[in-house]
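Okay, so here's the structure we're looking at.
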There are 2 protein chains.
Amino acid sequence: MSCRGGRVNIGEIARRAGVSRSTVSYALSGKRAVSAATRRRILQVIDDVGYRPNASARALAEGRTRTIGLVIPPAGRRLTPIQLGFVADIVAAAGRRELDVLLSPSGGEHDRSFERMVRGRRVDGVILMEVRLRDARAARLRESGVPFVAIGHTADAATGYWVDLDYHGLVASCVRHLADLGHREIALINRPREFLDSGYGPARRALDGFNAAAAERSLAATASCCPDEATAGETCVEDLLAARPGVTGVVTVNEAALPGIERALRRLGRAVPRQFSVTGVVGRHWAEEFHPPLTAADVPITDMAERAVELLAQRMAEPGTPPRHVLLSQPISLRSSTAPPP
Amino acid sequence: MSCRGGRVNIGEIARRAGVSRSTVSYALSGKRAVSAATRRRILQVIDDVGYRPNASARALAEGRTRTIGLVIPPAGRRLTPIQLGFVADIVAAAGRRELDVLLSPSGGEHDRSFERMVRGRRVDGVILMEVRLRDARAARLRESGVPFVAIGHTADAATGYWVDLDYHGLVASCVRHLADLGHREIALINRPREFLDSGYGPARRALDGFNAAAAERSLAATASCCPDEATAGETCVEDLLAARPGVTGVVTVNEAALPGIERALRRLGRAVPRQFSVTGVVGRHWAEEFHPPLTAADVPITDMAERAVELLAQRMAEPGTPPRHVLLSQPISLRSSTAPPP
DNA sequence: ACCAGCTGTCGAATCGATTCGAAACATCGT
DNA sequence: ACGATGTTTCGAATCGATTCGACAGCTGGT
């Protein structure tokens, strides 16, 4: 009962139902009234032959593709699990609005894909992952007038649409949480140094929030960077405790380093949470896999994806609207990796 | 110098260059000769205004979209890092062939997206991730005549296009590796039981390969399943060693369980590799993060992605070609998690 | 009976490319 | 000078939808 030959277009449907092509179109879109009897007949035929309007033809006529672009970080660098989950969540959120998702890697050799997408009008809007404070892709999108939503914000925060996580506030509350428990000397394990240097917002704001809150509670505070890898986390903790043996708690925003942090602390004989506290801002899954389960602010990726798509859909619908943004926060989930210092 | 107004179409280019629309098209595609002078003039204009052919119009006229669909596992279940990397690698490989990638989740509520993609002729071909031995999506694609390549193979292996990893052979060589070292009692830690039950090829073939090689070397062998989570890996190892204290080595194809396996072994006082050996088939990254680095067959995701796209591109180019498939193998990387039994 | 106001339907134009057949032009041998 | 040949270029048809203006057929009020 379905696609025999596949050569079913709106004209074929019209012929079989004994109406004109425009009537079929209206019956489907509902943009003009069609009598109940005719509509029923048309829908019947459509169901029989399994017709679906050709997406390219529709896009050409309507001037929109019902597709959004998702620009992911370059493939070379491994995506972190958070980013992975985020991609899946974006696709799901878009699907709920009958939008499809076109994937585009960014960076170096992949500029062609980006240009095809933007200039070839393949998409109605774009979601840009992992933006930097000064971001060439954002600038490019702005100048071509394609609506876009950034995950993370650019330097000119007020003029754009973005969804971001309040790393400053979240890291600060982690610091206060440790301070409240009585810790006096703490450390931050941040994302890789090159992220910080290239103006990657979350890394910057994590650092700022850490320093601000530590100053506010007059704690002795050390900030360090760490590549996105378990082994690096191990080295990082070793170096840290060698240099600052008095540290009794760390805050981390580097989820990939967690397994290494756990390993190093065990090897150095610092039991968590009895002798040492660990907290931070990481994906829920990683927090739960830590041993013992990590008291941390869980990155709400599903929320972020949903809000990003919502914002983009809105912006696509009414291009004139003023910039809007969403700065998400998230309460700390109390699990069992923090306690008063020994 | 670029997109002012954006309303640049091929007609505008033709006017500015003083030629007809068809000449512009031919200059761009090279499908007919255009004099050097004219071509230069046209390219100059195109460069000046930053023109790119409208993808929808081109797709409509050409009858192909230059886009492939990538069907990923449902979002609910967390994608494993291997799958994540795979998505990125597919996008990169497609990009190299000037193909874009449209993402579609599969399963339950997402069928609409799948139907839009297939019946709406949004894509020229599809790559299907994580296929089952009997797979509804594969059947659907087959009946609509859209070229597709499966990652993993379906029950009717001979009739389709697919790329797969030789789990049977790889797990078997892991078993032989342990046997050669002198182990007499070993275990398999497989993917979740529901994967096995629903006919997920890799899980099935891992099990078969394990049993076959164990029988061939007459080893005492226990096979168990384990959810894709670190905590589950922990429980799994505990249960295993409680039931079979004589086991001196495990083979795993469950990368997500690795951190838990590591933790459980440490807690139970079995030092790796001195007292206990661990090996298996997992993503390189996970093997390297294991402690000590895992002697294992690394899943060659980049290779698999490249081959899948290559196969699909070929099939799209000449629809008549007979089914082809690629069964990849991979040598075991000797790191340091295996040794003779105590 | 006539006109106004709805409904429902149709035909034609449109979106922006590709592609085919034919026209225009140049080149060349005889 | 003339057809034969080959190179460039053009105009028109085509892909498969959407959308707008117009027309036909009813209904109802006067």
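Residues are named by chain letter and number: chains run A, B, ... in the order of the structure tokens, numbers start at 1 in each chain, and ligands are numbered from 1 in the order shown.
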
Query - Residues near DT27 in chain C, cut-off 10 Å, only C-alpha atoms (C1' of nucleotides), skip fewer than 5 positions along chain, as a list in words - result: DT5, DG6 and DT7 of chain D

Residues as selected, C-alpha atoms (C1' of nucleotides), written as a tab-separated table (two decimals), in the first residue's frame, can you do that?
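The file below, result-v7.tsv, is the result:
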chain	number	residue	atom	x	y	z
D	5	DT	C1'	32.08	21.42	-38.70
D	6	DG	C1'	32.79	22.84	-34.12
D	7	DT	C1'	32.41	26.09	-30.35

Pick out the chain A residues within 8 Å of chain B. Count only C-alpha atoms. Give them as a PDB file with C-alpha atoms, in the first residue's frame.
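Writing the result to selection26.pdb gives the following:
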ATOM      1  CA  CYS A   3       5.642   3.656  -2.181  1.00  0.00           C
ATOM      2  CA  GLY A   6       7.932   6.412  -5.482  1.00  0.00           C
ATOM      3  CA  TYR A  51       2.475  10.495  -0.154  1.00  0.00           C
ATOM      4  CA  ARG A  52       4.728  13.048   1.512  1.00  0.00           C
ATOM      5  CA  PRO A  53       5.452  16.448   0.000  1.00  0.00           C
ATOM      6  CA  ASN A  54       8.915  16.696  -1.499  1.00  0.00           C
ATOM      7  CA  ALA A  55      10.975  18.633   0.989  1.00  0.00           C
ATOM      8  CA  SER A  56      13.098  20.463  -1.572  1.00  0.00           C
ATOM      9  CA  ALA A  57      10.142  21.667  -3.597  1.00  0.00           C
ATOM     10  CA  ALA A  59      11.433  24.597   0.785  1.00  0.00           C
ATOM     11  CA  LEU A  60      11.859  26.371  -2.520  1.00  0.00           C
ATOM     12  CA  THR A  65      13.618  24.640   4.929  1.00  0.00           C
ATOM     13  CA  PRO A  74      35.681  20.074  15.298  1.00  0.00           C
ATOM     14  CA  ALA A  75      35.861  16.277  15.141  1.00  0.00           C
ATOM     15  CA  ARG A  78      37.081  14.543  21.210  1.00  0.00           C
ATOM     16  CA  LEU A  79      33.663  15.710  22.191  1.00  0.00           C
ATOM     17  CA  PRO A  81      30.124  13.336  26.964  1.00  0.00           C
ATOM     18  CA  LEU A  84      27.467  14.323  23.027  1.00  0.00           C
ATOM     19  CA  GLY A  85      24.345  14.262  25.114  1.00  0.00           C
ATOM     20  CA  ALA A  88      21.095  14.160  21.007  1.00  0.00           C
ATOM     21  CA  ASP A  89      18.956  16.451  23.135  1.00  0.00           C
ATOM     22  CA  VAL A  91      17.807  16.732  17.903  1.00  0.00           C
ATOM     23  CA  ALA A  92      15.033  15.532  20.173  1.00  0.00           C
ATOM     24  CA  GLY A  95      11.999  16.949  16.443  1.00  0.00           C
ATOM     25  CA  GLU A  98       8.927  19.221  13.387  1.00  0.00           C
ATOM     26  CA  ASP A 100      15.191  18.551  11.276  1.00  0.00           C
ATOM     27  CA  VAL A 101      18.808  19.040  12.234  1.00  0.00           C
ATOM     28  CA  LEU A 102      21.706  19.428   9.857  1.00  0.00           C
ATOM     29  CA  LEU A 103      25.080  18.824  11.434  1.00  0.00           C
ATOM     30  CA  SER A 104      28.095  20.908  10.599  1.00  0.00           C
ATOM     31  CA  PRO A 105      31.535  20.571  12.065  1.00  0.00           C
ATOM     32  CA  HIS A 110      35.244  22.284   7.547  1.00  0.00           C
ATOM     33  CA  SER A 113      30.314  22.814   5.139  1.00  0.00           C
ATOM     34  CA  ARG A 116      27.190  25.617   2.244  1.00  0.00           C
ATOM     35  CA  ARG A 119      24.927  30.752   2.101  1.00  0.00           C
ATOM     36  CA  GLY A 120      23.182  27.882   0.371  1.00  0.00           C
ATOM     37  CA  ARG A 121      20.183  28.595   2.580  1.00  0.00           C
ATOM     38  CA  ARG A 122      20.034  25.012   3.699  1.00  0.00           C
ATOM     39  CA  GLU A 143      26.596  39.303   8.876  1.00  0.00           C
ATOM     40  CA  SER A 144      24.650  36.846   6.759  1.00  0.00           C
ATOM     41  CA  GLU A 229      41.516  13.662  30.302  1.00  0.00           C
ATOM     42  CA  ALA A 230      41.558  11.343  33.249  1.00  0.00           C
ATOM     43  CA  THR A 231      45.315  10.941  33.271  1.00  0.00           C
ATOM     44  CA  PRO A 259      38.269   9.603  37.158  1.00  0.00           C
ATOM     45  CA  GLU A 289      29.903   7.682  38.587  1.00  0.00           C
TER      46      GLU A 289
END

Report task. Just the residues within 8 Å of range 269-281 of chain B, please, counting only C-alpha atoms (C1' of nucleotides), with nothing from its chain fewer than 6 positions along; format it as an NGL selection string. Result -> :B and (167 or 170-171 or 174 or 178 or 248-255 or 292 or 294-299 or 336-342)

Can I get the selection written as a short mmCIF file (atom, residue, chain, number, x, y, z; two decimals), in the first residue's frame, with N, CA and C atoms?
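So part.cif came out as:
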data_model
loop_
_atom_site.label_atom_id
_atom_site.label_comp_id
_atom_site.auth_asym_id
_atom_site.auth_seq_id
_atom_site.Cartn_x
_atom_site.Cartn_y
_atom_site.Cartn_z
N TYR B 167 33.52 -8.62 15.74
CA TYR B 167 33.53 -8.87 17.17
C TYR B 167 33.84 -10.33 17.49
N LEU B 170 37.56 -10.74 17.07
CA LEU B 170 38.34 -9.95 18.00
C LEU B 170 38.25 -10.49 19.42
N VAL B 171 37.03 -10.83 19.81
CA VAL B 171 36.88 -11.38 21.16
C VAL B 171 37.61 -12.71 21.23
N CYS B 174 41.17 -12.14 21.84
CA CYS B 174 41.41 -11.76 23.24
C CYS B 174 41.48 -13.02 24.10
N LEU B 178 44.70 -14.52 26.28
CA LEU B 178 44.72 -14.92 27.70
C LEU B 178 45.15 -16.38 27.83
N THR B 248 40.80 -15.66 36.53
CA THR B 248 42.02 -14.84 36.59
C THR B 248 42.09 -13.80 35.48
N GLY B 249 41.08 -13.78 34.61
CA GLY B 249 41.13 -12.78 33.55
C GLY B 249 39.75 -12.54 32.96
N VAL B 250 39.47 -11.30 32.54
CA VAL B 250 38.20 -11.03 31.87
C VAL B 250 38.44 -10.37 30.53
N VAL B 251 37.47 -10.62 29.65
CA VAL B 251 37.42 -9.97 28.35
C VAL B 251 36.17 -9.11 28.38
N THR B 252 36.26 -7.84 27.97
CA THR B 252 35.04 -7.04 27.96
C THR B 252 34.84 -6.30 26.64
N VAL B 253 33.59 -6.14 26.28
CA VAL B 253 33.26 -5.31 25.12
C VAL B 253 32.41 -4.14 25.59
N ASN B 254 32.38 -3.96 26.90
CA ASN B 254 31.55 -2.90 27.47
C ASN B 254 32.43 -1.80 28.02
N GLU B 255 32.70 -0.81 27.21
CA GLU B 255 33.65 0.22 27.62
C GLU B 255 33.15 1.05 28.79
N PRO B 292 45.96 -0.18 34.88
CA PRO B 292 46.94 0.29 33.90
C PRO B 292 46.35 0.24 32.49
N LEU B 294 44.91 -0.46 29.04
CA LEU B 294 44.32 -1.74 28.68
C LEU B 294 44.90 -2.34 27.40
N THR B 295 45.36 -3.58 27.50
CA THR B 295 45.71 -4.34 26.30
C THR B 295 44.40 -4.75 25.66
N ALA B 296 44.12 -4.20 24.47
CA ALA B 296 42.79 -4.44 23.90
C ALA B 296 42.78 -4.17 22.40
N ALA B 297 41.77 -4.68 21.72
CA ALA B 297 41.54 -4.33 20.33
C ALA B 297 40.76 -3.03 20.31
N ASP B 298 41.36 -1.98 19.79
CA ASP B 298 40.69 -0.68 19.80
C ASP B 298 39.65 -0.61 18.70
N VAL B 299 38.45 -0.17 19.03
CA VAL B 299 37.41 -0.04 18.02
C VAL B 299 37.79 1.08 17.06
N SER B 336 49.33 -2.70 29.04
CA SER B 336 49.89 -3.42 30.19
C SER B 336 48.89 -3.99 31.17
N SER B 337 47.75 -4.42 30.70
CA SER B 337 46.76 -4.93 31.64
C SER B 337 46.66 -6.45 31.63
N THR B 338 47.55 -7.11 30.90
CA THR B 338 47.50 -8.57 30.91
C THR B 338 48.88 -9.15 31.25
N ALA B 339 48.87 -10.29 31.89
CA ALA B 339 50.10 -10.98 32.28
C ALA B 339 49.73 -12.42 32.61
N PRO B 340 50.72 -13.29 32.76
CA PRO B 340 50.38 -14.66 33.16
C PRO B 340 49.65 -14.65 34.50
N PRO B 341 48.82 -15.64 34.74
CA PRO B 341 48.08 -15.69 36.01
C PRO B 341 49.05 -15.96 37.16
N PRO B 342 48.68 -15.61 38.38
CA PRO B 342 49.56 -15.76 39.55
C PRO B 342 49.87 -17.24 39.83
#

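Distance check against DC15 in chain D using only C-alpha atoms (C1' of nucleotides): of C:DC3, C:DA17, C:DC10, C:DC25, the minimum falls on C:DA17.
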
Query raised in the report: Please, what distance in Å, to one decimal, runs between CA of Pro192 in chain A and CA of Asp180 in chain A?
Result: 28.3 Å

Query raised in the report: Can you list, as an NGL selection string, every residue of range 25-80 of chain B that DSSP puts in strand (DSSP E)?
Result: :B and (67-72)

Go ahead and write the residues just picked, N, CA and C atoms, as a PDB file, in the first residue's frame.
ATOM      1  N   THR B  67      22.818  15.292   0.461  1.00  0.00           N
ATOM      2  CA  THR B  67      22.727  15.177   1.910  1.00  0.00           C
ATOM      3  C   THR B  67      22.508  13.713   2.265  1.00  0.00           C
ATOM      4  N   ILE B  68      23.138  13.268   3.316  1.00  0.00           N
ATOM      5  CA  ILE B  68      22.840  11.917   3.784  1.00  0.00           C
ATOM      6  C   ILE B  68      22.227  11.986   5.173  1.00  0.00           C
ATOM      7  N   GLY B  69      21.431  11.010   5.497  1.00  0.00           N
ATOM      8  CA  GLY B  69      20.810  10.963   6.814  1.00  0.00           C
ATOM      9  C   GLY B  69      21.626  10.061   7.723  1.00  0.00           C
ATOM     10  N   LEU B  70      21.726  10.447   8.970  1.00  0.00           N
ATOM     11  CA  LEU B  70      22.397   9.588   9.946  1.00  0.00           C
ATOM     12  C   LEU B  70      21.392   9.291  11.042  1.00  0.00           C
ATOM     13  N   VAL B  71      21.004   8.032  11.139  1.00  0.00           N
ATOM     14  CA  VAL B  71      20.009   7.654  12.143  1.00  0.00           C
ATOM     15  C   VAL B  71      20.736   7.195  13.395  1.00  0.00           C
ATOM     16  N   ILE B  72      20.574   7.976  14.457  1.00  0.00           N
ATOM     17  CA  ILE B  72      21.279   7.651  15.698  1.00  0.00           C
ATOM     18  C   ILE B  72      20.329   6.936  16.650  1.00  0.00           C
TER      19      ILE B  72
END

Tell me as an mmCIF file with C-alpha atoms, in the first residue's frame which residues belonging to chain A come within 8 Å of chain C, counting only C-alpha atoms (C1' of nucleotides).
data_model
loop_
_atom_site.group_PDB
_atom_site.id
_atom_site.type_symbol
_atom_site.label_atom_id
_atom_site.label_comp_id
_atom_site.auth_asym_id
_atom_site.auth_seq_id
_atom_site.Cartn_x
_atom_site.Cartn_y
_atom_site.Cartn_z
ATOM 1 C CA SER A 20 -6.643 20.509 -8.528
ATOM 2 C CA SER A 22 -3.867 23.702 -5.068
ATOM 3 C CA THR A 23 -6.789 22.039 -3.366
ATOM 4 C CA ALA A 33 -11.033 26.065 3.872
ATOM 5 C CA VAL A 34 -11.699 22.821 2.029
ATOM 6 C CA SER A 35 -15.043 21.051 2.278
ATOM 7 C CA LEU A 60 11.859 26.371 -2.520
ATOM 8 C CA ALA A 61 8.268 27.530 -2.628
ATOM 9 C CA GLU A 62 7.973 28.476 1.007
ATOM 10 C CA GLY A 63 11.347 30.071 1.316
#

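Using only C-alpha atoms (C1' of nucleotides), one finds that the residues of chain D close to chain B, at 12 Å or less, are DG6, DT7, DT8, DT9, DC10, DG11, DA12, DA13, DT14, DC15, DG16 and DA17 of chain D.
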
Store the residues picked out above in a file with C-alpha atoms (C1' of nucleotides), as a short mmCIF file (atom, residue, chain, number, x, y, z; two decimals), in the first residue's frame.
data_model
loop_
_atom_site.label_atom_id
_atom_site.label_comp_id
_atom_site.auth_asym_id
_atom_site.auth_seq_id
_atom_site.Cartn_x
_atom_site.Cartn_y
_atom_site.Cartn_z
"C1'" DG D 6 32.79 22.84 -34.12
"C1'" DT D 7 32.41 26.09 -30.35
"C1'" DT D 8 29.60 29.26 -27.37
"C1'" DT D 9 25.62 30.96 -25.88
"C1'" DC D 10 20.69 31.45 -25.35
"C1'" DG D 11 15.69 30.48 -24.45
"C1'" DA D 12 12.39 27.49 -22.72
"C1'" DA D 13 10.94 23.50 -20.28
"C1'" DT D 14 11.31 21.16 -15.97
"C1'" DC D 15 11.56 19.73 -11.00
"C1'" DG D 16 7.21 19.76 -7.09
"C1'" DA D 17 5.52 22.24 -4.17
#

Report task. Name the residues of range 226-341 of chain B that come out as helix (DSSP H, G or I) in a backbone DSSP run; write them as a PyMOL selection string. Result -> chain B and resi 230-243+255-267+284-289+301-317

How would the residues just picked look written out with C-alpha atoms as a PDB file, in the first residue's frame?
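For reference, part.pdb as written:
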ATOM      1  CA  ALA B 230      30.469   2.141  35.656  1.00  0.00           C
ATOM      2  CA  THR B 231      28.502   1.231  38.756  1.00  0.00           C
ATOM      3  CA  ALA B 232      27.074  -1.775  36.966  1.00  0.00           C
ATOM      4  CA  GLY B 233      30.577  -2.848  36.024  1.00  0.00           C
ATOM      5  CA  GLU B 234      31.513  -2.775  39.666  1.00  0.00           C
ATOM      6  CA  THR B 235      28.628  -4.997  40.717  1.00  0.00           C
ATOM      7  CA  CYS B 236      29.228  -7.268  37.808  1.00  0.00           C
ATOM      8  CA  VAL B 237      32.839  -7.963  38.781  1.00  0.00           C
ATOM      9  CA  GLU B 238      31.900  -8.451  42.429  1.00  0.00           C
ATOM     10  CA  ASP B 239      29.209 -10.959  41.557  1.00  0.00           C
ATOM     11  CA  LEU B 240      31.489 -12.696  39.132  1.00  0.00           C
ATOM     12  CA  LEU B 241      34.354 -13.172  41.603  1.00  0.00           C
ATOM     13  CA  ALA B 242      31.992 -14.215  44.351  1.00  0.00           C
ATOM     14  CA  ALA B 243      30.549 -16.939  42.147  1.00  0.00           C
ATOM     15  CA  GLU B 255      33.649   0.219  27.621  1.00  0.00           C
ATOM     16  CA  ALA B 256      31.285   2.100  29.876  1.00  0.00           C
ATOM     17  CA  ALA B 257      31.751  -0.550  32.541  1.00  0.00           C
ATOM     18  CA  LEU B 258      35.540  -0.208  32.577  1.00  0.00           C
ATOM     19  CA  PRO B 259      35.860   2.360  35.369  1.00  0.00           C
ATOM     20  CA  GLY B 260      33.693   0.139  37.559  1.00  0.00           C
ATOM     21  CA  ILE B 261      35.692  -2.947  36.674  1.00  0.00           C
ATOM     22  CA  GLU B 262      38.848  -1.140  37.658  1.00  0.00           C
ATOM     23  CA  ARG B 263      37.343  -0.013  40.938  1.00  0.00           C
ATOM     24  CA  ALA B 264      35.980  -3.405  41.897  1.00  0.00           C
ATOM     25  CA  LEU B 265      39.241  -5.184  41.194  1.00  0.00           C
ATOM     26  CA  ARG B 266      41.161  -2.708  43.300  1.00  0.00           C
ATOM     27  CA  ARG B 267      38.708  -3.035  46.149  1.00  0.00           C
ATOM     28  CA  ARG B 284      40.981   3.541  22.247  1.00  0.00           C
ATOM     29  CA  HIS B 285      40.320   6.388  24.572  1.00  0.00           C
ATOM     30  CA  TRP B 286      38.797   4.126  27.181  1.00  0.00           C
ATOM     31  CA  ALA B 287      41.616   1.658  26.876  1.00  0.00           C
ATOM     32  CA  GLU B 288      44.116   4.403  27.565  1.00  0.00           C
ATOM     33  CA  GLU B 289      42.214   5.734  30.530  1.00  0.00           C
ATOM     34  CA  ILE B 301      35.578   4.255  14.670  1.00  0.00           C
ATOM     35  CA  THR B 302      37.212   6.651  12.277  1.00  0.00           C
ATOM     36  CA  ASP B 303      37.857   3.817   9.865  1.00  0.00           C
ATOM     37  CA  MET B 304      34.341   2.540  10.195  1.00  0.00           C
ATOM     38  CA  ALA B 305      32.884   5.967   9.557  1.00  0.00           C
ATOM     39  CA  GLU B 306      35.060   6.500   6.521  1.00  0.00           C
ATOM     40  CA  ARG B 307      34.187   3.124   5.042  1.00  0.00           C
ATOM     41  CA  ALA B 308      30.493   3.591   5.707  1.00  0.00           C
ATOM     42  CA  VAL B 309      30.400   6.924   3.925  1.00  0.00           C
ATOM     43  CA  GLU B 310      32.498   5.557   1.095  1.00  0.00           C
ATOM     44  CA  LEU B 311      30.154   2.629   0.616  1.00  0.00           C
ATOM     45  CA  LEU B 312      27.118   4.852   0.732  1.00  0.00           C
ATOM     46  CA  ALA B 313      28.542   7.342  -1.729  1.00  0.00           C
ATOM     47  CA  GLN B 314      29.278   4.499  -4.089  1.00  0.00           C
ATOM     48  CA  ARG B 315      25.833   3.051  -3.761  1.00  0.00           C
ATOM     49  CA  MET B 316      24.252   6.443  -4.337  1.00  0.00           C
ATOM     50  CA  ALA B 317      26.335   6.988  -7.444  1.00  0.00           C
TER      51      ALA B 317
END

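Separating CA of Thr159 in chain A from CA of Val326 in chain A is a distance of 13.0 Å.
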
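Note that CA of Pro293 in chain B and CA of Val282 in chain A are 24.8 Å apart.
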